[in-house]
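Undergrad: Attaching a single structure in structure tokens format; questions to follow.
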Amino acid sequence: QVQLVESGGGLVQPGGSLRLSCTISGHTVTPRLMGWFRQAPGREREFVACIRRDSASSYADSVKGRFTISGDNAENTVYLQMDTLKPEDTADYYCAADSGRSIWSARYEASTYRYWGQGTQVTVSS
């Protein structure tokens with residue numbers, strides 16, 4: 001059974017930083033894509049960032065230049081370094097992984113990702 005476990009959320013002041021981690025286990029096929037999505041109260045889940053097996057990455061415009069996604073293939077872990085956080089970054093953040101066969105052009109779509117973590121809460125407030 002594939003499991004994704006996130007950690008690293010919490011409360012931070014505007015302008016601060018957090019690093020989220022996501023470790024995948026139980027998979028028999030290495031994901032081609034791993035990504036982060038977020039969902040704020042009353043809003044739809046939205047794409048944040050993703051990384052491909054060859055380390056190519058992609059970001060939502062709202063986080064470009066502030067967030068950095070990286071991966072450790074040996075540890076089956078993906079990180080999301082979040083800097084210069086803003087109150088509008090407040091949301092539940094979800095890690096996701098595909099089944100190993102997705103195409104790059106579909107990276108922004110939640111339906112591309114087959115496996116999801118339970119989410120970790122990020123609150124940016126003074």
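Chain labels run A, B, ... following the order of the structure tokens; each chain numbers its residues from 1, and ligands are numbered from 1 in the order shown.
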With stretch 16-30 of chain A as the partner and 7 Å as the cut-off, tabulate the residues of stretch 42-106 of chain A that qualify, each row holding the nearest pair of atoms and their distance in Å to one decimal, using only C-alpha atoms, sorted by chain and rising number, as JSON lines.
TA:
{"residue": "A:Asn76", "atom": "CA", "partner": "A:Thr23", "partner_atom": "CA", "distance": 5.7}
{"residue": "A:Thr77", "atom": "CA", "partner": "A:Thr23", "partner_atom": "CA", "distance": 4.3}
{"residue": "A:Val78", "atom": "CA", "partner": "A:Cys22", "partner_atom": "CA", "distance": 5.2}
{"residue": "A:Tyr79", "atom": "CA", "partner": "A:Ser21", "partner_atom": "CA", "distance": 4.5}
{"residue": "A:Leu80", "atom": "CA", "partner": "A:Leu20", "partner_atom": "CA", "distance": 5.0}
{"residue": "A:Gln81", "atom": "CA", "partner": "A:Arg19", "partner_atom": "CA", "distance": 4.4}
{"residue": "A:Met82", "atom": "CA", "partner": "A:Leu18", "partner_atom": "CA", "distance": 5.2}
{"residue": "A:Asp83", "atom": "CA", "partner": "A:Ser17", "partner_atom": "CA", "distance": 4.4}
{"residue": "A:Thr84", "atom": "CA", "partner": "A:Gly16", "partner_atom": "CA", "distance": 5.4}
{"residue": "A:Leu85", "atom": "CA", "partner": "A:Gly16", "partner_atom": "CA", "distance": 5.5}
{"residue": "A:Cys95", "atom": "CA", "partner": "A:Cys22", "partner_atom": "CA", "distance": 6.3}
{"residue": "A:Gly100", "atom": "CA", "partner": "A:Thr30", "partner_atom": "CA", "distance": 6.0}
Undergrad: Do you know which residues are at most 12 Å from A:Tyr59 counting only C-alpha atoms, after dropping those on the same chain fewer than 3 positions away, and could you put them as a VMD selection string?
TA: chain A and resid 35 to 37 46 to 51 56 62 to 70 80 82 107 to 108
Undergrad: Rank nothing, just name the residue among A:Ala74, A:Ala97, A:Ala106, A:Ala91 nearest to A:Gln3, using only C-alpha atoms.
TA: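 Among the listed residues, the smallest separation from A:Gln3 belongs to A:Ala97.
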Undergrad: Hey, what does DSSP flag as helix (DSSP H, G or I) within chain A? Can you give it to me as a ChimeraX atom specification?
TA: /A:73-75,87-89,104-106,110-112
Undergrad: Keeping only N, CA and C atoms, write the selected residues as a CSV table (one decimal), in the first residue's frame.
TA:
chain,number,residue,atom,x,y,z
A,73,ASN,N,16.0,11.2,-4.1
A,73,ASN,CA,15.6,9.9,-4.7
A,73,ASN,C,16.0,8.7,-3.8
A,74,ALA,N,17.1,8.8,-3.2
A,74,ALA,CA,17.6,7.7,-2.3
A,74,ALA,C,16.7,7.6,-1.1
A,75,GLU,N,16.2,8.7,-0.6
A,75,GLU,CA,15.3,8.7,0.6
A,75,GLU,C,13.8,8.7,0.3
A,87,PRO,N,0.4,35.8,4.4
A,87,PRO,CA,-0.8,35.3,4.9
A,87,PRO,C,-1.6,34.5,3.9
A,88,GLU,N,-1.6,34.9,2.7
A,88,GLU,CA,-2.3,34.1,1.6
A,88,GLU,C,-1.8,32.8,1.3
A,89,ASP,N,-0.6,32.4,1.9
A,89,ASP,CA,-0.1,31.1,1.8
A,89,ASP,C,-0.7,30.1,2.8
A,104,TRP,N,4.2,15.3,-18.7
A,104,TRP,CA,4.6,16.6,-18.1
A,104,TRP,C,3.6,17.6,-18.3
A,105,SER,N,2.9,17.6,-19.4
A,105,SER,CA,1.9,18.7,-19.7
A,105,SER,C,0.7,18.6,-18.8
A,106,ALA,N,0.5,17.5,-18.1
A,106,ALA,CA,-0.6,17.4,-17.2
A,106,ALA,C,-0.2,17.6,-15.7
A,110,ALA,N,-4.8,18.0,-10.5
A,110,ALA,CA,-4.8,17.1,-9.4
A,110,ALA,C,-5.1,15.7,-9.8
A,111,SER,N,-5.8,15.5,-10.9
A,111,SER,CA,-6.2,14.2,-11.4
A,111,SER,C,-5.0,13.4,-11.9
A,112,THR,N,-3.9,14.1,-12.2
A,112,THR,CA,-2.7,13.4,-12.7
A,112,THR,C,-2.1,12.6,-11.6
Undergrad: Considering only C-alpha atoms, tabulate each residue of stretch 84-107 of chain A that lies at most 6 Å from stretch 116-119 of chain A along with its nearest interatomic pair and the corresponding distance in Å to one decimal; arrange the rows by chain and ascending residue number and present them as JSON lines.
TA:
{"residue": "A:Asp92", "atom": "CA", "partner": "A:Gly119", "partner_atom": "CA", "distance": 5.9}
{"residue": "A:Tyr93", "atom": "CA", "partner": "A:Gly119", "partner_atom": "CA", "distance": 5.3}
{"residue": "A:Tyr94", "atom": "CA", "partner": "A:Gly119", "partner_atom": "CA", "distance": 4.4}
{"residue": "A:Cys95", "atom": "CA", "partner": "A:Gly117", "partner_atom": "CA", "distance": 5.3}
{"residue": "A:Ala96", "atom": "CA", "partner": "A:Trp116", "partner_atom": "CA", "distance": 4.4}
Undergrad: Considering only strand (DSSP E) as DSSP defines it on the backbone, what residues of chain A qualify? List them as a CSV table (one decimal) with C-alpha atoms, in the first residue's frame.
TA:
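To be explicit, this is the file written out as selection18.csv:
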chain,number,residue,atom,x,y,z
A,3,GLN,CA,1.7,5.9,1.7
A,4,LEU,CA,2.8,9.5,1.6
A,5,VAL,CA,3.6,11.1,4.9
A,6,GLU,CA,4.0,14.9,5.2
A,7,SER,CA,5.6,16.9,8.0
A,10,GLY,CA,3.1,25.0,11.5
A,11,LEU,CA,2.5,28.6,12.4
A,12,VAL,CA,4.9,31.2,11.1
A,18,LEU,CA,9.0,26.7,6.6
A,19,ARG,CA,10.2,23.4,5.0
A,20,LEU,CA,7.7,20.7,4.3
A,21,SER,CA,8.8,17.1,3.8
A,22,CYS,CA,7.0,14.2,2.1
A,23,THR,CA,8.2,10.6,2.2
A,24,ILE,CA,6.7,7.9,0.0
A,25,SER,CA,6.7,4.3,0.8
A,33,LEU,CA,6.0,13.2,-10.8
A,34,MET,CA,5.7,14.3,-7.2
A,35,GLY,CA,3.9,17.5,-6.3
A,36,TRP,CA,2.5,19.8,-3.7
A,37,PHE,CA,-1.0,21.2,-3.7
A,38,ARG,CA,-2.8,23.4,-1.2
A,39,GLN,CA,-6.3,24.1,-0.1
A,46,GLU,CA,-4.6,24.3,-6.2
A,47,PHE,CA,-1.3,23.3,-7.6
A,48,VAL,CA,1.8,24.7,-5.9
A,49,ALA,CA,4.8,22.9,-7.3
A,50,CYS,CA,6.0,19.6,-8.7
A,51,ILE,CA,9.2,17.8,-9.5
A,52,ARG,CA,9.9,15.2,-12.1
A,57,SER,CA,10.4,21.4,-11.6
A,58,SER,CA,7.4,23.6,-12.1
A,59,TYR,CA,5.7,26.2,-9.9
A,67,PHE,CA,9.1,28.3,-2.9
A,68,THR,CA,11.6,25.7,-3.9
A,69,ILE,CA,10.8,22.0,-4.5
A,70,SER,CA,13.6,19.4,-4.3
A,71,GLY,CA,13.8,15.7,-4.1
A,72,ASP,CA,16.1,13.0,-2.6
A,77,THR,CA,11.5,12.2,-0.1
A,78,VAL,CA,10.4,15.5,-1.6
A,79,TYR,CA,10.8,18.8,0.1
A,80,LEU,CA,9.1,22.2,-0.3
A,81,GLN,CA,11.1,25.1,1.0
A,82,MET,CA,8.8,28.0,1.6
A,91,ALA,CA,-3.7,26.5,3.7
A,92,ASP,CA,-3.5,22.7,4.2
A,93,TYR,CA,-0.6,21.5,2.0
A,94,TYR,CA,-0.9,18.0,0.4
A,95,CYS,CA,1.9,15.9,-1.1
A,96,ALA,CA,1.0,13.9,-4.2
A,97,ALA,CA,2.6,11.3,-6.4
A,115,TYR,CA,-1.5,9.0,-4.3
A,116,TRP,CA,-2.0,11.7,-1.7
A,120,THR,CA,-0.1,19.4,6.8
A,121,GLN,CA,-1.4,22.7,8.0
A,122,VAL,CA,0.5,25.9,7.3
A,123,THR,CA,-0.6,29.1,9.0
A,124,VAL,CA,1.0,32.5,8.2
Undergrad: Which residue out of A:Arg45, A:Asp54, A:Gly8, A:Arg32 has the minimum interatomic distance to A:Ser99 when only C-alpha atoms are used?
TA: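 Ranked by minimum distance to A:Ser99, first place goes to A:Arg32.
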Undergrad: My list of candidates is A:Thr90, A:Ser102, A:Gln1, A:Ser55. Which is closest to A:Pro14 when distances are computed with only C-alpha atoms?
TA: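 When distances to A:Pro14 are compared using only C-alpha atoms, the smallest one comes from A:Thr90.
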